[in-house]
Each structure stands twice: as structure tokens, then as C-alpha cells.
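J.: This is data.txt (compact mmCIF, C-alpha atoms and all ligand atoms).
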# COMPACT_ATOMS: atom_id res chain seq x y z
CA MET A 1 0.00 0.00 0.00
CA PHE A 2 2.97 2.32 0.49
CA SER A 3 3.53 2.18 -3.26
CA LYS A 4 0.17 3.90 -3.73
CA GLN A 5 1.22 6.66 -1.34
CA ALA A 6 4.52 6.99 -3.23
CA TRP A 7 2.60 7.31 -6.50
CA ARG A 8 0.40 10.01 -4.92
CA LEU A 9 3.53 11.89 -3.83
CA ILE A 10 4.97 11.81 -7.37
CA ASN A 11 1.66 12.98 -8.78
CA LYS A 12 1.18 15.63 -6.09
CA ALA A 13 -2.30 14.20 -5.56
CA ASN A 14 -2.51 16.08 -2.28
CA PRO A 15 -0.40 19.23 -2.76
CA LEU A 16 -0.27 20.09 0.94
CA VAL A 17 0.93 16.62 2.01
CA THR A 18 3.44 16.59 -0.86
CA GLU A 19 4.85 19.95 0.18
CA ILE A 20 5.19 18.87 3.82
CA MET A 21 6.89 15.59 2.89
CA LYS A 22 9.20 17.36 0.46
CA ALA A 23 10.17 19.95 3.06
CA MET A 24 10.87 17.23 5.63
CA TYR A 25 12.64 14.57 3.58
CA TYR A 26 13.75 15.74 0.13
CA PRO A 27 13.81 19.56 0.06
CA SER A 28 16.19 19.91 -2.90
CA LYS A 29 15.11 16.84 -4.87
CA GLU A 30 12.13 15.03 -6.31
CA PHE A 31 10.68 11.91 -4.70
CA LEU A 32 12.20 9.68 -7.37
CA ASN A 33 15.74 10.83 -6.45
CA ALA A 34 15.13 11.17 -2.69
CA GLU A 35 17.41 9.38 -0.22
CA LEU A 36 16.84 7.86 3.20
CA GLY A 37 18.59 10.63 5.17
CA MET A 38 19.99 10.66 8.68
CA ASN A 39 16.98 10.17 10.85
CA PRO A 40 14.25 8.44 8.85
CA SER A 41 10.85 7.75 10.37
CA TYR A 42 9.21 4.35 9.95
CA MET A 43 6.80 5.85 7.42
CA TRP A 44 9.55 7.46 5.33
CA ARG A 45 11.57 4.26 5.38
CA SER A 46 8.54 2.31 4.11
CA LEU A 47 7.75 4.88 1.44
CA LEU A 48 11.29 4.80 0.19
CA ALA A 49 11.23 1.00 0.04
CA SER A 50 8.60 1.28 -2.71
CA GLN A 51 10.52 4.04 -4.52
CA GLU A 52 12.38 1.68 -6.85
CA ALA A 53 9.32 -0.28 -7.96
CA VAL A 54 7.29 2.89 -8.46
CA SER A 55 10.09 4.58 -10.36
CA GLN A 56 10.30 1.59 -12.71
CA GLY A 57 6.60 1.84 -13.58
CA CYS A 58 6.01 5.58 -13.72
CA ARG A 59 6.71 7.60 -16.85
CA ARG A 60 6.42 11.24 -17.72
CA LYS A 61 3.69 11.98 -20.22
CA ILE A 62 5.02 14.66 -22.53
CA GLY A 63 2.70 17.59 -23.14
CA ASP A 64 4.66 20.72 -24.00
CA GLY A 65 7.89 19.14 -22.62
CA ARG A 66 8.77 22.20 -20.54
CA ASP A 67 8.55 20.48 -17.19
CA THR A 68 10.56 17.32 -17.93
CA PHE A 69 14.34 17.09 -17.79
CA ILE A 70 15.75 15.10 -20.71
CA TRP A 71 18.28 13.19 -18.59
CA HIS A 72 16.94 13.00 -15.03
CA ILE A 73 13.39 11.80 -15.43
CA PRO A 74 11.98 8.52 -16.81
CA TRP A 75 9.97 9.58 -19.84
CA LEU A 76 10.77 6.98 -22.52
CA PRO A 77 8.10 4.29 -23.03
CA CYS A 78 10.37 1.31 -22.27
CA GLU A 79 9.42 -1.14 -19.52
CA VAL A 80 13.01 -1.91 -18.57
CA ASN A 81 14.45 1.59 -18.45
CA GLY A 82 12.55 4.82 -18.95
CA PHE A 83 15.65 7.03 -18.75
CA MET A 84 17.72 8.27 -21.69
CA THR A 85 20.79 6.11 -22.29
CA SER A 86 22.48 8.50 -24.75
CA PRO A 87 25.55 10.24 -23.30
CA MET A 88 24.72 13.55 -21.66
CA HIS A 89 26.45 16.72 -22.81
CA PRO A 90 27.39 18.62 -19.62
CA GLU A 91 26.01 21.91 -20.92
CA LEU A 92 22.66 20.24 -21.62
CA GLU A 93 22.28 18.72 -18.15
CA ASN A 94 19.26 20.81 -17.23
CA SER A 95 17.68 20.87 -20.68
CA THR A 96 14.05 20.01 -20.92
CA VAL A 97 12.22 17.89 -23.47
CA ASN A 98 10.63 20.88 -25.24
CA GLY A 99 14.08 21.41 -26.82
CA LEU A 100 13.47 18.21 -28.82
CA ILE A 101 10.08 19.31 -30.11
CA SER A 102 9.75 21.16 -33.41
CA GLU A 103 8.40 24.69 -33.63
CA ASP A 104 4.93 23.57 -34.64
CA HIS A 105 4.74 21.90 -31.18
CA ASN A 106 3.20 18.64 -32.32
CA SER A 107 6.07 16.74 -33.85
CA TRP A 108 9.58 15.78 -32.80
CA ASP A 109 12.48 17.74 -34.22
CA LEU A 110 14.10 14.72 -35.84
CA ASP A 111 17.35 16.51 -36.65
CA ILE A 112 17.98 17.36 -33.00
CA VAL A 113 16.78 13.92 -31.84
CA HIS A 114 19.18 12.25 -34.31
CA ASP A 115 22.08 14.42 -33.21
CA LEU A 116 21.52 13.94 -29.51
CA CYS A 117 20.33 10.38 -29.11
CA ASN A 118 21.57 6.88 -29.72
CA GLU A 119 19.50 4.50 -31.82
CA ARG A 120 17.54 3.06 -28.89
CA ASP A 121 16.50 6.45 -27.47
CA ASN A 122 15.79 7.77 -30.94
CA LYS A 123 13.35 4.92 -31.68
CA LEU A 124 11.61 5.24 -28.32
CA ILE A 125 11.19 9.01 -28.65
CA GLN A 126 9.54 8.59 -32.04
CA GLN A 127 7.02 6.22 -30.46
CA ILE A 128 5.79 9.02 -28.19
CA PRO A 129 2.79 10.84 -29.60
CA LEU A 130 2.59 14.56 -28.97
CA PRO A 131 -0.72 16.24 -28.15
CA ALA A 132 -2.42 18.32 -30.84
CA ILE A 133 -3.31 20.94 -28.24
CA SER A 134 -0.52 22.11 -25.95
CA ARG A 135 -0.76 20.82 -22.39
CA MET A 136 1.44 20.45 -19.35
CA ASP A 137 3.60 17.39 -18.73
CA SER A 138 2.22 14.90 -16.20
CA TRP A 139 2.79 11.35 -14.97
CA TYR A 140 1.26 8.09 -16.15
CA TRP A 141 1.67 4.45 -15.13
CA LEU A 142 3.40 2.45 -17.85
CA LEU A 143 2.37 -0.97 -16.56
CA ASP A 144 -1.31 -0.40 -17.18
CA ASN A 145 -2.91 -0.06 -20.62
CA LYS A 146 -4.89 2.93 -19.44
CA GLY A 147 -1.94 4.50 -17.65
CA LYS A 148 -3.62 4.26 -14.25
CA PHE A 149 -1.60 3.20 -11.21
CA THR A 150 -2.69 -0.07 -9.62
CA VAL A 151 -1.21 -1.64 -6.51
CA ARG A 152 -1.49 -5.02 -8.27
CA SER A 153 0.72 -4.09 -11.22
CA CYS A 154 3.23 -2.51 -8.85
CA TYR A 155 3.26 -5.67 -6.75
CA ARG A 156 3.86 -7.74 -9.89
CA LYS A 157 6.75 -5.46 -10.75
CA ILE A 158 8.25 -6.00 -7.29
CA ARG A 159 7.86 -9.78 -7.72
CA GLY A 160 9.62 -9.46 -11.07
CA GLU A 161 6.73 -10.76 -13.14
CA SER A 162 6.97 -7.87 -15.58
CA GLY A 163 9.87 -5.92 -17.04
CA GLY A 164 13.45 -5.92 -15.78
CA LEU A 165 16.01 -8.64 -16.28
CA GLU A 166 14.15 -11.18 -14.16
CA GLY A 167 10.76 -10.23 -15.55
CA GLY A 168 12.12 -10.35 -19.08
CA PHE A 169 13.38 -13.88 -18.45
CA TRP A 170 10.02 -15.21 -17.28
CA LYS A 171 8.25 -13.42 -20.10
CA LYS A 172 10.61 -15.01 -22.63
CA MET A 173 10.20 -18.41 -21.05
CA TRP A 174 6.40 -18.37 -20.92
CA SER A 175 6.19 -17.14 -24.49
CA LEU A 176 8.35 -19.91 -25.98
CA GLN A 177 6.66 -21.63 -28.90
CA LEU A 178 6.74 -24.99 -27.19
CA PRO A 179 4.09 -27.44 -25.91
CA GLY A 180 2.65 -26.36 -22.56
CA LYS A 181 4.01 -29.42 -20.78
CA ILE A 182 7.57 -28.49 -21.78
CA VAL A 183 7.25 -24.86 -20.65
CA ASN A 184 5.72 -26.14 -17.44
CA PHE A 185 8.63 -28.53 -16.99
CA LEU A 186 11.11 -25.66 -17.53
CA TRP A 187 9.31 -23.57 -14.94
CA ARG A 188 9.48 -26.45 -12.43
CA ALA A 189 13.18 -26.94 -13.19
CA CYS A 190 13.78 -23.23 -12.57
CA GLN A 191 11.86 -23.39 -9.31
CA ASN A 192 14.05 -26.35 -8.33
CA VAL A 193 11.09 -28.65 -7.70
CA LEU A 194 11.95 -31.51 -10.05
CA PRO A 195 11.95 -34.80 -8.10
CA THR A 196 15.68 -35.46 -8.45
CA MET A 197 17.40 -37.90 -6.10
CA ALA A 198 18.82 -35.00 -4.07
CA GLU A 199 15.32 -33.51 -3.65
CA LEU A 200 13.84 -36.90 -2.71
CA VAL A 201 16.46 -37.37 0.00
CA LYS A 202 15.62 -33.91 1.35
CA LYS A 203 12.04 -35.15 1.65
CA GLN A 204 13.23 -38.17 3.67
CA VAL A 205 12.74 -40.66 0.80
CA ASP A 206 15.17 -43.54 1.14
CA VAL A 207 17.02 -43.44 -2.22
CA ASN A 208 20.61 -43.23 -3.41
CA MET A 209 21.54 -39.58 -3.98
CA LEU A 210 23.95 -40.34 -6.81
CA CYS A 211 23.12 -39.81 -10.49
CA GLY A 212 21.70 -43.07 -11.89
CA TRP A 213 23.67 -42.65 -15.13
CA CYS A 214 27.23 -41.64 -14.24
CA MET A 215 27.07 -42.80 -10.57
CA LEU A 216 29.67 -40.13 -9.76
CA HIS A 217 27.80 -37.03 -8.65
CA VAL A 218 24.80 -36.13 -6.52
CA GLU A 219 21.79 -35.99 -8.80
CA GLU A 220 20.54 -32.41 -8.81
CA ALA A 221 18.55 -30.88 -11.68
CA VAL A 222 21.55 -28.87 -12.84
CA HIS A 223 23.61 -32.08 -13.02
CA THR A 224 21.06 -34.06 -15.04
CA LEU A 225 20.42 -31.21 -17.46
CA PHE A 226 23.90 -29.75 -17.95
CA THR A 227 26.89 -31.40 -16.30
CA CYS A 228 26.30 -35.16 -16.37
CA SER A 229 28.49 -36.90 -18.94
CA PHE A 230 25.46 -37.71 -21.10
CA ALA A 231 24.21 -34.11 -21.03
CA ARG A 232 27.68 -32.85 -21.93
CA THR A 233 27.81 -35.11 -24.99
CA LEU A 234 24.37 -34.00 -26.11
CA TRP A 235 25.00 -30.24 -25.76
CA THR A 236 28.38 -30.51 -27.47
CA GLU A 237 26.94 -32.46 -30.40
CA GLU A 238 24.18 -29.88 -30.73
CA GLY A 239 26.71 -27.04 -30.96
CA LEU A 240 25.67 -25.65 -27.58
CA HIS A 241 28.72 -26.51 -25.53
CA GLU A 242 28.28 -23.32 -23.45
CA MET A 243 25.31 -24.97 -21.74
CA THR A 244 27.75 -27.17 -19.83
CA ASN A 245 29.61 -24.19 -18.30
CA VAL A 246 28.08 -24.33 -14.86
CA ASP A 247 29.84 -22.82 -11.86
CA ALA A 248 29.42 -24.24 -8.38
CA GLY A 249 26.14 -23.17 -6.81
CA MET A 250 24.45 -22.28 -10.11
CA THR A 251 20.85 -23.38 -10.54
CA VAL A 252 18.92 -24.33 -13.69
CA LYS A 253 17.37 -20.88 -13.61
CA ASP A 254 20.81 -19.22 -13.52
CA VAL A 255 21.97 -21.17 -16.57
CA LEU A 256 18.79 -20.53 -18.58
CA LYS A 257 18.76 -16.86 -17.60
CA ARG A 258 22.31 -16.50 -18.84
CA GLU A 259 21.45 -18.14 -22.17
CA PHE A 260 18.17 -16.23 -22.61
CA ILE A 261 19.78 -12.78 -22.33
CA ASP A 262 21.13 -12.95 -25.86
CA GLY A 263 20.41 -15.17 -28.78
CA ASN A 264 17.30 -15.83 -30.70
CA ARG A 265 14.01 -17.53 -30.06
CA GLU A 266 15.00 -20.55 -32.14
CA LYS A 267 17.94 -21.17 -29.84
CA TRP A 268 15.80 -20.82 -26.70
CA VAL A 269 13.24 -23.25 -28.15
CA LYS A 270 16.02 -25.75 -28.87
CA ILE A 271 17.42 -25.38 -25.35
CA GLY A 272 13.98 -25.84 -23.77
CA LEU A 273 13.25 -28.84 -25.95
CA LEU A 274 16.56 -30.58 -25.20
CA CYS A 275 16.27 -29.95 -21.44
CA TRP A 276 12.89 -31.66 -21.52
CA GLY A 277 14.39 -34.50 -23.64
CA LEU A 278 17.18 -35.01 -21.10
CA TRP A 279 14.74 -35.19 -18.22
CA THR A 280 12.46 -37.61 -20.07
CA ARG A 281 15.43 -39.81 -20.91
CA ARG A 282 16.53 -39.71 -17.27
CA ASN A 283 13.07 -40.89 -16.15
CA MET A 284 13.04 -43.72 -18.69
CA TRP A 285 16.46 -44.85 -17.52
CA ILE A 286 15.72 -44.68 -13.81
CA TRP A 287 12.18 -46.08 -13.76
CA GLU A 288 12.15 -48.40 -16.79
CA LYS A 289 15.85 -49.08 -17.28
CA LYS A 290 15.46 -48.13 -20.95
CA PRO A 291 18.60 -46.46 -22.35
CA MET A 292 18.34 -43.76 -25.00
CA SER A 293 21.11 -42.35 -27.20
CA VAL A 294 21.80 -38.70 -27.97
CA PHE A 295 20.19 -39.31 -31.35
CA GLY A 296 17.15 -40.81 -29.60
CA VAL A 297 16.71 -37.78 -27.31
CA ARG A 298 16.95 -35.39 -30.24
CA SER A 299 14.46 -37.37 -32.39
CA MET A 300 11.99 -37.72 -29.53
CA ALA A 301 12.12 -33.98 -28.79
CA MET A 302 11.88 -32.98 -32.46
CA SER A 303 8.94 -35.24 -33.21
CA LEU A 304 7.06 -33.90 -30.19
CA LEU A 305 7.68 -30.34 -31.40
CA GLN A 306 6.58 -31.14 -34.94
CA GLU A 307 3.40 -32.83 -33.74
CA TRP A 308 2.61 -29.84 -31.57
CA GLN A 309 3.34 -27.34 -34.34
CA GLN A 310 1.05 -29.27 -36.68
CA SER A 311 -1.77 -29.27 -34.13
CA GLN A 312 -1.26 -25.53 -33.55
CA GLU A 313 -1.46 -24.90 -37.26
CA ASN A 314 -4.66 -26.90 -37.61
CA ALA A 315 -6.20 -25.16 -34.61
CA GLY A 316 -5.14 -21.81 -36.10
CA LYS A 317 -6.88 -22.60 -39.37
CA GLY A 318 -10.02 -23.61 -37.47
CA ASN A 319 -10.02 -20.44 -35.38
CA LYS A 320 -9.38 -18.24 -38.34
CA GLY A 321 -12.29 -19.79 -40.18
CA MET A 322 -14.49 -19.24 -37.16
CA GLN A 323 -13.33 -15.65 -36.72
CA GLN A 324 -13.97 -14.96 -40.37
CA ARG A 325 -17.47 -16.38 -40.04
CA ASN A 326 -18.14 -14.28 -36.91
CA ARG A 327 -16.67 -11.13 -38.34
CA LYS A 328 -18.93 -10.74 -41.34
CA TRP A 329 -19.32 -7.13 -42.38
CA CYS A 330 -22.78 -5.67 -41.65
CA LYS A 331 -24.46 -2.79 -43.40
CA PRO A 332 -25.00 0.39 -41.39
CA PRO A 333 -28.60 1.47 -40.53
CA GLU A 334 -30.58 3.39 -43.13
CA GLY A 335 -29.21 6.87 -43.83
CA TRP A 336 -25.80 6.13 -42.30
CA VAL A 337 -22.38 5.58 -43.83
CA LYS A 338 -19.99 3.02 -42.39
CA ILE A 339 -16.24 3.68 -42.42
CA ASN A 340 -13.97 0.69 -41.91
CA LEU A 341 -10.44 1.60 -41.00
CA ASP A 342 -7.15 -0.07 -40.23
CA ALA A 343 -3.51 0.73 -39.70
CA ALA A 344 -0.27 -1.10 -40.49
CA CYS A 345 2.98 -0.36 -38.65
CA GLN A 346 6.20 -0.31 -40.62
CA ASN A 347 8.56 0.52 -37.82
CA GLN A 348 11.70 -0.36 -39.80
CA ILE A 349 11.11 2.59 -42.09
CA GLY A 350 9.42 4.75 -39.44
CA GLU A 351 6.02 4.95 -41.09
CA ILE A 352 2.49 3.81 -40.46
CA GLY A 353 -0.01 3.22 -43.22
CA VAL A 354 -3.65 4.10 -42.55
CA ALA A 355 -6.58 3.21 -44.76
CA CYS A 356 -10.33 3.83 -44.66
CA VAL A 357 -13.23 2.62 -46.81
CA ALA A 358 -16.69 4.17 -46.75
CA ARG A 359 -19.82 2.23 -47.69
CA ASP A 360 -23.47 3.25 -47.65
CA ASP A 361 -26.52 1.57 -46.10
CA ARG A 362 -26.87 -0.73 -49.13
CA GLY A 363 -23.28 -1.87 -48.74
CA GLU A 364 -22.21 0.05 -51.86
CA PHE A 365 -18.70 1.39 -52.06
CA LEU A 366 -18.61 5.20 -51.75
CA ARG A 367 -14.99 6.19 -51.46
CA ALA A 368 -11.68 5.13 -49.95
CA ARG A 369 -8.52 6.76 -48.79
CA SER A 370 -5.10 5.60 -47.75
CA ASN A 371 -2.04 7.52 -46.71
CA ARG A 372 1.24 7.20 -44.91
CA VAL A 373 2.01 8.95 -41.65
CA HIS A 374 5.52 9.51 -40.42
CA GLY A 375 6.33 7.92 -37.05
CA SER A 376 7.04 4.58 -35.46
CA MET A 377 4.25 3.46 -33.18
CA GLN A 378 2.83 0.49 -31.37
CA ALA A 379 -0.25 -1.16 -32.92
CA ARG A 380 -2.83 0.48 -30.63
CA GLU A 381 -1.37 3.97 -31.14
CA ALA A 382 -1.43 3.33 -34.88
CA GLU A 383 -5.11 2.29 -34.65
CA ALA A 384 -5.87 5.49 -32.74
CA ARG A 385 -4.00 7.45 -35.39
CA SER A 386 -5.99 5.80 -38.18
CA LEU A 387 -9.21 6.85 -36.43
CA LYS A 388 -7.94 10.41 -36.19
CA GLU A 389 -7.12 10.41 -39.90
CA ALA A 390 -10.57 9.01 -40.71
CA LEU A 391 -12.24 11.70 -38.60
CA LEU A 392 -10.29 14.41 -40.42
CA TRP A 393 -11.26 12.81 -43.72
CA THR A 394 -14.98 12.67 -42.96
CA HIS A 395 -15.03 16.06 -41.26
CA THR A 396 -15.79 17.82 -44.52
CA TRP A 397 -18.74 15.59 -45.47
CA ARG A 398 -21.66 17.77 -44.58
CA LYS A 399 -24.21 16.41 -42.14
CA GLN A 400 -23.34 12.82 -42.94
CA LYS A 401 -24.02 10.36 -40.14
CA CYS A 402 -21.02 8.01 -39.92
CA ILE A 403 -20.25 4.80 -38.08
CA PHE A 404 -16.56 3.96 -37.61
CA GLU A 405 -15.50 0.33 -37.36
CA LEU A 406 -12.01 -0.73 -36.23
CA ASP A 407 -10.19 -3.62 -34.55
CA SER A 408 -8.82 -2.10 -31.36
CA LYS A 409 -11.11 -2.45 -28.33
CA LEU A 410 -8.84 -0.09 -26.38
CA VAL A 411 -9.40 2.71 -28.85
CA VAL A 412 -13.15 2.04 -28.90
CA ASP A 413 -13.29 2.08 -25.07
CA ALA A 414 -11.31 5.30 -24.98
CA ILE A 415 -13.69 7.01 -27.40
CA HIS A 416 -16.61 5.88 -25.29
CA GLY A 417 -15.36 7.58 -22.21
CA ASP A 418 -12.91 5.24 -20.48
CA ARG A 419 -10.13 7.67 -21.18
CA GLY A 420 -7.38 6.51 -18.84
CA ASN A 421 -4.10 8.31 -18.61
CA SER A 422 -1.64 6.56 -20.93
CA ILE A 423 0.34 8.34 -23.65
CA PHE A 424 -1.87 6.78 -26.27
CA MET A 425 -4.72 9.02 -25.03
CA LEU A 426 -2.82 12.00 -26.41
CA LEU A 427 -3.83 10.92 -29.89
ZN ZN B 1 25.44 -38.03 -13.98
Let me see whether you can do it: turn the structure in this file into C-alpha cells.
T.:
Amino acid sequence: MFSKQAWRLINKANPLVTEIMKAMYYPSKEFLNAELGMNPSYMWRSLLASQEAVSQGCRRKIGDGRDTFIWHIPWLPCEVNGFMTSPMHPELENSTVNGLISEDHNSWDLDIVHDLCNERDNKLIQQIPLPAISRMDSWYWLLDNKGKFTVRSCYRKIRGESGGLEGGFWKKMWSLQLPGKIVNFLWRACQNVLPTMAELVKKQVDVNMLCGWCMLHVEEAVHTLFTCSFARTLWTEEGLHEMTNVDAGMTVKDVLKREFIDGNREKWVKIGLLCWGLWTRRNMWIWEKKPMSVFGVRSMAMSLLQEWQQSQENAGKGNKGMQQRNRKWCKPPEGWVKINLDAACQNQIGEIGVACVARDDRGEFLRARSNRVHGSMQAREAEARSLKEALLWTHTWRKQKCIFELDSKLVVDAIHGDRGNSIFMLL
């Protein structure tokens, strides 16, 4: 609950309380840079404990950019790090974001942004929409689609379920294109709850602690999956010898985390698949005394993956068919025109394409329009942008009653009043 109070302090939800707290604990700073100090009260200590989690989730929403320091405030829409990572020029230390905005006030000055920022910052800045009407900078909560602070999302952040190195790892793991039982197995291996001999002995089961294959080492998950002689042969033959580099005390999670930082999804899928293969082989050896070669483990794992991919594909076709059936276009009511619109992001070239088609109450084509808009945006921002373009397009049609149809529920909700506070609302 202290996180909520911290969020209220950042937002100056109660100006008097904020002023008192600032005078007492961080007179020359902002809450996000405040320190514990010499004689902290219990309350201040608790508030400060939530500072890190809150600072990871809060972002500055750029209005006119005058009230946001370029280098000292998290304002970039990145879940891992909202601060600029480009080197700071000493003379620009206290510069504010309005210096990066062009003179027309509603677009970024790309020349200055290019000069000042590295590629990562540059891309993130171009994802930030600027308001059409000038407004002051404010705060929003990045971990919620509507930009509203919730204790739940903050708690998840603290537990590492979203963002950050740890959060990124779990996210990567749960999103692996692998059968559910394999991802589940990987999660159990990371939580160190696989029933290895060492774990069984801990639970007072009367078994031999040694690995049933090499009979040399205590059988822990990390041994079976990475350091046992069989595992070493398998990883080496698969060109993944680095998997066997395990220092004393490392867990399965440590090894996977190390491998999941870099590399590509294909490699992670292969690692996950082979870990599961090694564990399955171990069970067959221990409980059924059936040996399996490296070739056998690889074939078993690959055929499981192929079967699963095939079933996913078939299910996909089925769902698509169903969606297409459910999403039949309907005519608008008599006297109305229906505009269907969509957007496509082409972030590599920094453009979004928006298109609209207008049809009358008999379903007859009236007119269509498509154009490109400069900027690199996320899908929902692009959808909001396409609606804006369609509204501008239809604005000149006199007294025509129009219905707009688009894919994004978030945009539709926002138009119908659930406005929220996220940067996408600026559109
Ligand atoms: Zn062994």
C-alpha cells in the first residue's frame, strides 16, 4: 500500500501533504531521487522501500515538454528503463524535453533527436505521440494499458513478473513456442522442484543420492540437465557446448537466464526442448531401465515439437475460419455511412499506413482513402492514429451520419469515455 502513497507523492495528488513531505525529507530533490537521510521515520523508510518499484513503472507523459528534464526523469516508453541512455552533454544537463520538439509543437524535431540520441533512445522518442493541443507534462503508469496506477501491477513489478532482467526472463520463457508441458517442466526446473534424487532425499525418501547414469555425482537438476556426462555429450553435439559451463552453486534458472539474455528464439526453443528431452530420458532410464542415445533424445524432442506445431497450425486454421465467419461485415442502418479503417505499422522505415473505406446503407462502395504517416508506433497507437485520420477525412462531409468500425477495443473504449491516462490518449 505504500507504493500507492509513493505514487500520490509523485503525482502531487494532495499538494499540501506533498509539500510537507518534500520539506521534511527531500527539500532539494524530487521523490524519485530522494534518499533515506539521517533520521528516517518508519513511514519514510517504508515509502522509500517502494521508490524503486514505483520509479520503474512511472513515466512522464510529454505535453509541451517544458517540465521534464531530458536526462533526469523517466519519460521513454520502455518497460526496462525509462531514462535516456544517450551520453549527456554537460552543458545540456538541465535541458528540458521541449528542446526536442519542433516549432509547430506537435512533432519531434528529428534533426535534433538524431544528433543527440543513440538508436535506442531515438526509436523510443519517435514512439511518443505529442498532443495536438498544448498541455502540461504529467505522470502516467506504464504498466497499465490505461496509464492508471494499480497496486497489483506494482506488486507484480516487485515480484519481477513484468519488465526488468528477471521479468524479461520469465516473459521469454512463458512465451516460448513450445508445448505447454515443456514450458511447465522448464518452470518447475527453474523453481528447483523436479523430483531429483537430491530432492527426494531432502524429503526423507530412502534413495541413493547419486546420479543413476554416471554414478559419480549427486543428482541435482543442474547435473542431469547440464553437467552429467550424457548431457555434456548432447550439448556438445548440438553445438551448444556453453550450456555445460556451470559454476558451483548455479541453478537451472541461472543457466537458462544466462542463455536467454542474448540469442534468438530458435535457440531458446532448442534449449527448452533438449532440457525436456534429457529429463524424459533420465526418467526412462531410472524407472524403466530403458537407455536412449543422444540421437534418440533429439528425435523424440523434435517429433514432439513437430506434432505440436502441426496441431497448432490446424487449430489456427479452425479459429481463423471461425473468426472470419463471426466477423462478417454488416451494413449500417438506413441513412448512415460506415467507415472501416485499419492501420499497419512499418517501424523499420518509421512509417504507419492508414486506410479507410466508406460504404453506404446498401453496402455500396462510396470512397476510400489511404495515406502514410511519419512515425514509429505500437499497434494500438497506430489504430488510434488511423481513427484520427478518418475523422479528419470525414469532417468535410456535410451532415453525414457516420459509423466507424475498427479492430482495437482499447481505442473504442477510450472514445466511449474510459479515457485513462496513458500516452496513447494524447492521440
Ligand atoms: Zn550423472
J.: Between A:Lys257, A:Lys290, A:Lys399, A:His223, which residue has the minimum interatomic distance to ligand ZN 1 (chain B), considering all atoms listed in the file?
T.: A:His223
J.: My list of candidates is A:Met377, A:Ile271, A:Leu392, A:Leu143. Which is closest to Val54 (chain A) when distances are computed with only C-alpha atoms?
T.: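 Of the candidates, the smallest distance to Val54 (chain A) is held by A:Leu143.
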J.: Could you jot down the CA of Ala382 (chain A) to CA of Ala355 (chain A) separation for me, Å, one decimal place?
T.: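 CA of Ala355 (chain A) lies 11.1 Å from CA of Ala382 (chain A).
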J.: Counting all atoms listed in the file, name the residues that have an atom within 12 Å of an atom of ligand ZN 1 (chain B); the answer should be given as a CSV table (one decimal) with C-alpha atoms, in the coordinates of the input.
T.:
chain,number,residue,atom,x,y,z
A,196,THR,CA,15.7,-35.5,-8.4
A,197,MET,CA,17.4,-37.9,-6.1
A,209,MET,CA,21.5,-39.6,-4.0
A,210,LEU,CA,24.0,-40.3,-6.8
A,211,CYS,CA,23.1,-39.8,-10.5
A,212,GLY,CA,21.7,-43.1,-11.9
A,213,TRP,CA,23.7,-42.6,-15.1
A,214,CYS,CA,27.2,-41.6,-14.2
A,215,MET,CA,27.1,-42.8,-10.6
A,216,LEU,CA,29.7,-40.1,-9.8
A,217,HIS,CA,27.8,-37.0,-8.6
A,218,VAL,CA,24.8,-36.1,-6.5
A,219,GLU,CA,21.8,-36.0,-8.8
A,220,GLU,CA,20.5,-32.4,-8.8
A,221,ALA,CA,18.6,-30.9,-11.7
A,222,VAL,CA,21.6,-28.9,-12.8
A,223,HIS,CA,23.6,-32.1,-13.0
A,224,THR,CA,21.1,-34.1,-15.0
A,225,LEU,CA,20.4,-31.2,-17.5
A,226,PHE,CA,23.9,-29.8,-18.0
A,227,THR,CA,26.9,-31.4,-16.3
A,228,CYS,CA,26.3,-35.2,-16.4
A,229,SER,CA,28.5,-36.9,-18.9
A,230,PHE,CA,25.5,-37.7,-21.1
A,231,ALA,CA,24.2,-34.1,-21.0
A,232,ARG,CA,27.7,-32.8,-21.9
A,233,THR,CA,27.8,-35.1,-25.0
A,278,LEU,CA,17.2,-35.0,-21.1
A,279,TRP,CA,14.7,-35.2,-18.2
A,282,ARG,CA,16.5,-39.7,-17.3
A,285,TRP,CA,16.5,-44.8,-17.5
A,286,ILE,CA,15.7,-44.7,-13.8
J.: Calculated over all atoms listed in the file, which of the candidates A:Trp44, A:Trp235, A:Trp75, A:Phe295 has the smallest distance to Leu142 (chain A)?
T.: A:Trp75
J.: Please determine, counting only C-alpha atoms, which residue among A:Leu256, A:Asn39, A:Tyr140, A:Ala301 has the shortest atom-to-atom distance to Trp187 (chain A).
T.: A:Leu256
J.: Here's a test: counting all atoms listed in the file, identify every protein, DNA and RNA residue with an atom at most 12 Å from (19.3, 12.0, -24.0) in the file's coordinate frame, and state them as a CSV table (one decimal) with C-alpha atoms, in the coordinates of the input.
T.:
chain,number,residue,atom,x,y,z
A,68,THR,CA,10.6,17.3,-17.9
A,69,PHE,CA,14.3,17.1,-17.8
A,70,ILE,CA,15.8,15.1,-20.7
A,71,TRP,CA,18.3,13.2,-18.6
A,72,HIS,CA,16.9,13.0,-15.0
A,73,ILE,CA,13.4,11.8,-15.4
A,74,PRO,CA,12.0,8.5,-16.8
A,75,TRP,CA,10.0,9.6,-19.8
A,76,LEU,CA,10.8,7.0,-22.5
A,82,GLY,CA,12.6,4.8,-19.0
A,83,PHE,CA,15.6,7.0,-18.8
A,84,MET,CA,17.7,8.3,-21.7
A,85,THR,CA,20.8,6.1,-22.3
A,86,SER,CA,22.5,8.5,-24.8
A,87,PRO,CA,25.6,10.2,-23.3
A,88,MET,CA,24.7,13.6,-21.7
A,89,HIS,CA,26.4,16.7,-22.8
A,90,PRO,CA,27.4,18.6,-19.6
A,92,LEU,CA,22.7,20.2,-21.6
A,93,GLU,CA,22.3,18.7,-18.2
A,94,ASN,CA,19.3,20.8,-17.2
A,95,SER,CA,17.7,20.9,-20.7
A,96,THR,CA,14.0,20.0,-20.9
A,97,VAL,CA,12.2,17.9,-23.5
A,99,GLY,CA,14.1,21.4,-26.8
A,100,LEU,CA,13.5,18.2,-28.8
A,112,ILE,CA,18.0,17.4,-33.0
A,113,VAL,CA,16.8,13.9,-31.8
A,114,HIS,CA,19.2,12.2,-34.3
A,115,ASP,CA,22.1,14.4,-33.2
A,116,LEU,CA,21.5,13.9,-29.5
A,117,CYS,CA,20.3,10.4,-29.1
A,118,ASN,CA,21.6,6.9,-29.7
A,119,GLU,CA,19.5,4.5,-31.8
A,120,ARG,CA,17.5,3.1,-28.9
A,121,ASP,CA,16.5,6.4,-27.5
A,122,ASN,CA,15.8,7.8,-30.9
A,124,LEU,CA,11.6,5.2,-28.3
A,125,ILE,CA,11.2,9.0,-28.6
J.: Looking at only C-alpha atoms, which of A:Cys154, A:Met21, A:Ala368, A:Ile339 is the one that sits closest to Gln56 (chain A)?
T.: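 Looking at the shortest contact to Gln56 (chain A), the residue is A:Cys154.
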